[in-house]
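Next comes start.cif, a file with mmCIF, C-alpha atoms.
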data_final
loop_
_atom_site.label_atom_id
_atom_site.label_comp_id
_atom_site.auth_asym_id
_atom_site.auth_seq_id
_atom_site.Cartn_x
_atom_site.Cartn_y
_atom_site.Cartn_z
CA MET L 1 12.32 5.72 15.04
CA SER L 2 12.51 4.25 11.56
CA LEU L 3 9.72 2.10 10.20
CA PHE L 4 12.05 -0.93 10.32
CA ASP L 5 12.68 -0.37 14.05
CA GLN L 6 8.97 0.26 14.65
CA ILE L 7 8.04 -3.06 13.01
CA SER L 8 10.70 -4.89 15.06
CA SER L 9 9.36 -3.35 18.26
CA ASP L 10 5.76 -4.19 17.33
CA ILE L 11 6.75 -7.82 16.65
CA ARG L 12 7.90 -8.09 20.28
CA ALA L 13 4.66 -6.50 21.48
CA ALA L 14 2.58 -8.89 19.34
CA MET L 15 4.49 -11.86 20.78
CA LEU L 16 3.80 -10.72 24.32
CA ALA L 17 0.13 -10.12 23.50
CA LYS L 18 -0.07 -13.51 21.74
CA ASP L 19 -1.68 -11.76 18.74
CA LYS L 20 -1.09 -14.37 16.02
CA VAL L 21 -2.52 -12.41 13.08
CA ARG L 22 -0.51 -9.28 13.88
CA LEU L 23 2.64 -11.30 14.57
CA GLU L 24 2.42 -13.21 11.28
CA ALA L 25 1.80 -10.03 9.27
CA LEU L 26 4.68 -8.15 10.90
CA ARG L 27 7.11 -11.05 10.54
CA ASN L 28 6.25 -11.25 6.85
CA VAL L 29 6.92 -7.52 6.42
CA LYS L 30 10.20 -7.76 8.31
CA LYS L 31 11.31 -10.62 6.04
CA PHE L 32 10.78 -8.39 2.99
CA PHE L 33 12.54 -5.50 4.77
CA LEU L 34 15.58 -7.67 5.48
CA GLU L 35 15.66 -8.90 1.88
CA ALA L 36 15.60 -5.28 0.68
CA LYS L 37 18.35 -4.26 3.13
CA THR L 38 20.64 -7.07 2.01
CA ALA L 39 19.96 -6.71 -1.72
CA PRO L 40 22.97 -5.84 -3.87
CA GLY L 41 23.55 -2.09 -3.83
CA ALA L 42 21.36 -1.45 -0.77
CA ASN L 43 24.38 -0.84 1.51
CA ASP L 44 22.47 -2.45 4.41
CA THR L 45 20.04 0.47 4.60
CA LEU L 46 16.29 0.80 4.15
CA THR L 47 14.66 4.21 4.01
CA ASP L 48 11.14 4.76 5.26
CA ASP L 49 10.01 5.51 1.68
CA GLU L 50 11.32 2.13 0.50
CA ALA L 51 9.70 0.45 3.50
CA LEU L 52 6.34 2.08 2.72
CA LYS L 53 6.61 0.87 -0.89
CA ILE L 54 7.10 -2.67 0.37
CA ILE L 55 4.12 -2.39 2.72
CA ARG L 56 1.91 -0.97 -0.07
CA LYS L 57 2.90 -3.87 -2.31
CA LEU L 58 2.07 -6.40 0.40
CA VAL L 59 -1.29 -4.73 1.08
CA LYS L 60 -2.19 -4.90 -2.61
CA GLN L 61 -1.12 -8.56 -2.81
CA GLY L 62 -3.12 -9.38 0.31
CA LYS L 63 -6.27 -7.73 -1.07
CA ASP L 64 -5.86 -9.55 -4.38
CA SER L 65 -5.37 -12.88 -2.60
CA ALA L 66 -8.43 -12.28 -0.41
CA GLN L 67 -10.52 -11.54 -3.50
CA ILE L 68 -9.34 -14.76 -5.17
CA TYR L 69 -10.09 -16.77 -2.02
CA ALA L 70 -13.57 -15.22 -1.84
CA GLU L 71 -14.23 -16.06 -5.50
CA GLN L 72 -13.16 -19.66 -4.83
CA ASN L 73 -15.56 -19.88 -1.88
CA ARG L 74 -12.79 -19.97 0.76
CA PRO L 75 -13.97 -17.24 3.18
CA GLU L 76 -11.75 -18.49 6.04
CA LEU L 77 -8.59 -17.87 3.98
CA ALA L 78 -9.91 -14.51 2.73
CA GLU L 79 -10.55 -13.48 6.34
CA VAL L 80 -6.95 -14.30 7.33
CA GLU L 81 -5.58 -12.25 4.40
CA LEU L 82 -7.82 -9.28 5.19
CA GLY L 83 -6.79 -9.44 8.86
CA GLN L 84 -3.14 -9.16 7.88
CA VAL L 85 -3.94 -6.38 5.39
CA SER L 86 -5.63 -4.34 8.12
CA VAL L 87 -2.51 -4.70 10.31
CA LEU L 88 -0.27 -3.50 7.47
CA GLU L 89 -2.56 -0.61 6.54
CA SER L 90 -2.09 0.85 10.02
CA TYR L 91 1.53 1.65 9.01
CA LEU L 92 0.57 3.46 5.80
CA PRO L 93 -0.13 7.19 5.63
CA GLN L 94 -3.78 8.22 5.53
CA GLN L 95 -5.30 7.86 2.05
CA LEU L 96 -7.08 10.80 0.44
CA SER L 97 -10.86 10.75 0.18
CA PRO L 98 -12.41 10.49 -3.31
CA GLU L 99 -13.39 14.18 -3.10
CA ASP L 100 -9.83 15.22 -2.23
CA ILE L 101 -8.42 13.07 -5.06
CA GLU L 102 -10.81 14.68 -7.52
CA ALA L 103 -9.92 18.20 -6.32
CA GLU L 104 -6.17 17.48 -6.66
CA LEU L 105 -6.66 15.97 -10.13
CA LYS L 106 -8.67 19.01 -11.29
CA LYS L 107 -5.73 21.23 -10.27
CA ILE L 108 -3.28 18.96 -12.11
CA ILE L 109 -5.47 18.90 -15.24
CA ALA L 110 -5.60 22.71 -15.20
CA GLU L 111 -1.80 22.96 -14.74
CA VAL L 112 -1.08 20.54 -17.57
CA GLY L 113 -3.71 22.08 -19.82
CA ALA L 114 -5.42 18.75 -20.57
CA SER L 115 -8.79 18.88 -22.26
CA SER L 116 -9.52 15.47 -23.79
CA PRO L 117 -8.91 11.77 -23.11
CA LYS L 118 -5.88 11.99 -25.44
CA ASP L 119 -4.11 14.03 -22.73
CA MET L 120 -4.51 11.30 -20.11
CA GLY L 121 -0.84 10.27 -20.32
CA LYS L 122 0.37 13.77 -19.47
CA VAL L 123 -2.01 14.02 -16.53
CA MET L 124 -1.23 10.55 -15.19
CA GLY L 125 2.52 11.22 -15.21
CA VAL L 126 2.14 14.27 -13.00
CA ALA L 127 -0.72 12.83 -10.91
CA THR L 128 1.00 9.58 -9.96
CA LYS L 129 4.04 11.52 -8.70
CA ALA L 130 1.95 14.10 -6.85
CA LEU L 131 -0.42 11.59 -5.23
CA SER L 132 2.10 8.80 -4.64
CA GLY L 133 1.26 7.07 -1.38
CA LYS L 134 -1.90 9.11 -0.92
CA ALA L 135 -4.11 7.26 -3.42
CA GLU L 136 -4.10 4.02 -5.38
CA GLY L 137 -3.07 4.26 -9.02
CA ARG L 138 -6.26 2.52 -10.12
CA ILE L 139 -8.43 5.14 -8.40
CA ILE L 140 -6.35 7.98 -9.87
CA SER L 141 -6.68 6.48 -13.36
CA GLU L 142 -10.45 6.00 -13.09
CA THR L 143 -10.94 9.54 -11.82
CA VAL L 144 -8.77 11.06 -14.59
CA LYS L 145 -10.73 9.12 -17.23
CA ARG L 146 -14.00 10.39 -15.80
CA LEU L 147 -12.80 14.00 -15.59
CA LEU L 148 -11.34 14.04 -19.11
CA GLY L 149 -14.13 11.98 -20.69
#

What does this structure look like when you write it as structure tokens?
Amino acid sequence: MSLFDQISSDIRAAMLAKDKVRLEALRNVKKFFLEAKTAPGANDTLTDDEALKIIRKLVKQGKDSAQIYAEQNRPELAEVELGQVSVLESYLPQQLSPEDIEAELKKIIAEVGASSPKDMGKVMGVATKALSGKAEGRIISETVKRLLG
């Protein structure tokens, strides 16, 4: 079952369960999925990789919004955003632990032959492709800086 079909099925389940937070989050995701499917050149298809990219983007936006709400002393709005983020994160593949990220980056640094912070660009190019979907770019960048610094 594709991710698109899974989300559609889970929307029905959330309606039956009267789970408002889950329902709102899933409807929002489906809206973005439908926009991507009907975009010019999409040929009315949406691969699971494209769907995961959309979910990752929405998770990042939700976390950023929650942080802004918290800074503006609006905890009730931050709580709603974080609730929807947790629903969306359940569809993402498991993220690597900081130790696993560091181990992978050490391998990549050895392969590329990087030795100083000047080589960060070479490492980041390979690392972002290798760890795509398994770790946030910000965490990868911080870890590479620390390892090369």

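Note that the spacing between atom CA of L:Ala25 and atom CA of L:Asp5 amounts to 15.3 Å.
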
Task: For L:Met15, the nearest of the candidates L:Glu104, L:Glu79, L:Arg27, L:Ser2, counting all atoms listed in the file - done: L:Arg27

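Minimum atom-to-atom distances from L:Glu81, L:Asp44, L:Glu102, L:Glu50 to L:Ile68 were compared using only C-alpha atoms, and the lowest value belongs to L:Glu81.
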
Task: Matched chain/residue IDs from the PyMOL selection byres ((chain L and resi 8) around 12), as an NGL selection string - done: :L and (1-7 or 9-15 or 23 or 25-31 or 33-34)

Show me, as a PDB file with C-alpha atoms, keeping the file's coordinate frame, the residues that have an atom within 10 Å of L:Val59 when counting only C-alpha atoms, minus same-chain residues fewer than 4 positions from it.
ATOM      1  CA  LYS L  53       6.610   0.870  -0.890  1.00  0.00           C
ATOM      2  CA  ILE L  54       7.100  -2.670   0.370  1.00  0.00           C
ATOM      3  CA  ILE L  55       4.120  -2.390   2.720  1.00  0.00           C
ATOM      4  CA  LYS L  63      -6.270  -7.730  -1.070  1.00  0.00           C
ATOM      5  CA  ASP L  64      -5.860  -9.550  -4.380  1.00  0.00           C
ATOM      6  CA  SER L  65      -5.370 -12.880  -2.600  1.00  0.00           C
ATOM      7  CA  GLU L  81      -5.580 -12.250   4.400  1.00  0.00           C
ATOM      8  CA  LEU L  82      -7.820  -9.280   5.190  1.00  0.00           C
ATOM      9  CA  GLN L  84      -3.140  -9.160   7.880  1.00  0.00           C
ATOM     10  CA  VAL L  85      -3.940  -6.380   5.390  1.00  0.00           C
ATOM     11  CA  SER L  86      -5.630  -4.340   8.120  1.00  0.00           C
ATOM     12  CA  VAL L  87      -2.510  -4.700  10.310  1.00  0.00           C
ATOM     13  CA  LEU L  88      -0.270  -3.500   7.470  1.00  0.00           C
ATOM     14  CA  GLU L  89      -2.560  -0.610   6.540  1.00  0.00           C
ATOM     15  CA  LEU L  92       0.570   3.460   5.800  1.00  0.00           C
TER      16      LEU L  92
END

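With distances restricted to all atoms listed in the file, L:Pro93 is the closest residue to L:Asp49 from L:Asp119, L:Ala130, L:Pro93, L:Thr143.
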
- [ ] Mind checking which residues fall within 10 Å of L:Ser141, counting all atoms listed in the file, ignoring those fewer than 2 positions away in the same chain, and posting them as a PyMOL selection string?
- [x] chain L and resi 120-121+123-124+127-128+136-139+143-147

Keeping only C-alpha atoms, write those residues as an mmCIF file, in the coordinates of the input.
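This is the output file result-v9.cif:
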data_model
loop_
_atom_site.group_PDB
_atom_site.id
_atom_site.type_symbol
_atom_site.label_atom_id
_atom_site.label_comp_id
_atom_site.auth_asym_id
_atom_site.auth_seq_id
_atom_site.Cartn_x
_atom_site.Cartn_y
_atom_site.Cartn_z
ATOM 1 C CA MET L 120 -4.510 11.300 -20.110
ATOM 2 C CA GLY L 121 -0.840 10.270 -20.320
ATOM 3 C CA VAL L 123 -2.010 14.020 -16.530
ATOM 4 C CA MET L 124 -1.230 10.550 -15.190
ATOM 5 C CA ALA L 127 -0.720 12.830 -10.910
ATOM 6 C CA THR L 128 1.000 9.580 -9.960
ATOM 7 C CA GLU L 136 -4.100 4.020 -5.380
ATOM 8 C CA GLY L 137 -3.070 4.260 -9.020
ATOM 9 C CA ARG L 138 -6.260 2.520 -10.120
ATOM 10 C CA ILE L 139 -8.430 5.140 -8.400
ATOM 11 C CA THR L 143 -10.940 9.540 -11.820
ATOM 12 C CA VAL L 144 -8.770 11.060 -14.590
ATOM 13 C CA LYS L 145 -10.730 9.120 -17.230
ATOM 14 C CA ARG L 146 -14.000 10.390 -15.800
ATOM 15 C CA LEU L 147 -12.800 14.000 -15.590
#

Open item on the list: Using only C-alpha atoms for the distances, tell me which of L:Ala135, L:Ala78, L:Asp100, L:Thr45 is nearest to L:Gln61.
Closed with: L:Ala78

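Counting from atom CA of L:Ser97, the distance to atom CA of L:Pro75 is 28.3 Å.
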
Task: d(atom CA of L:Leu52, atom CA of L:Gln95) in Å - done: 13.0 Å

Box for stretch 96-105 of chain L: with edges along x, y and z, all listed atoms inside and 4 Å added on each side, what are the centre and edge lengths in Å to one decimal, as JSON?
{"center_x": -9.8, "center_y": 14.3, "center_z": -4.8, "size_x": 15.2, "size_y": 15.7, "size_z": 18.6}
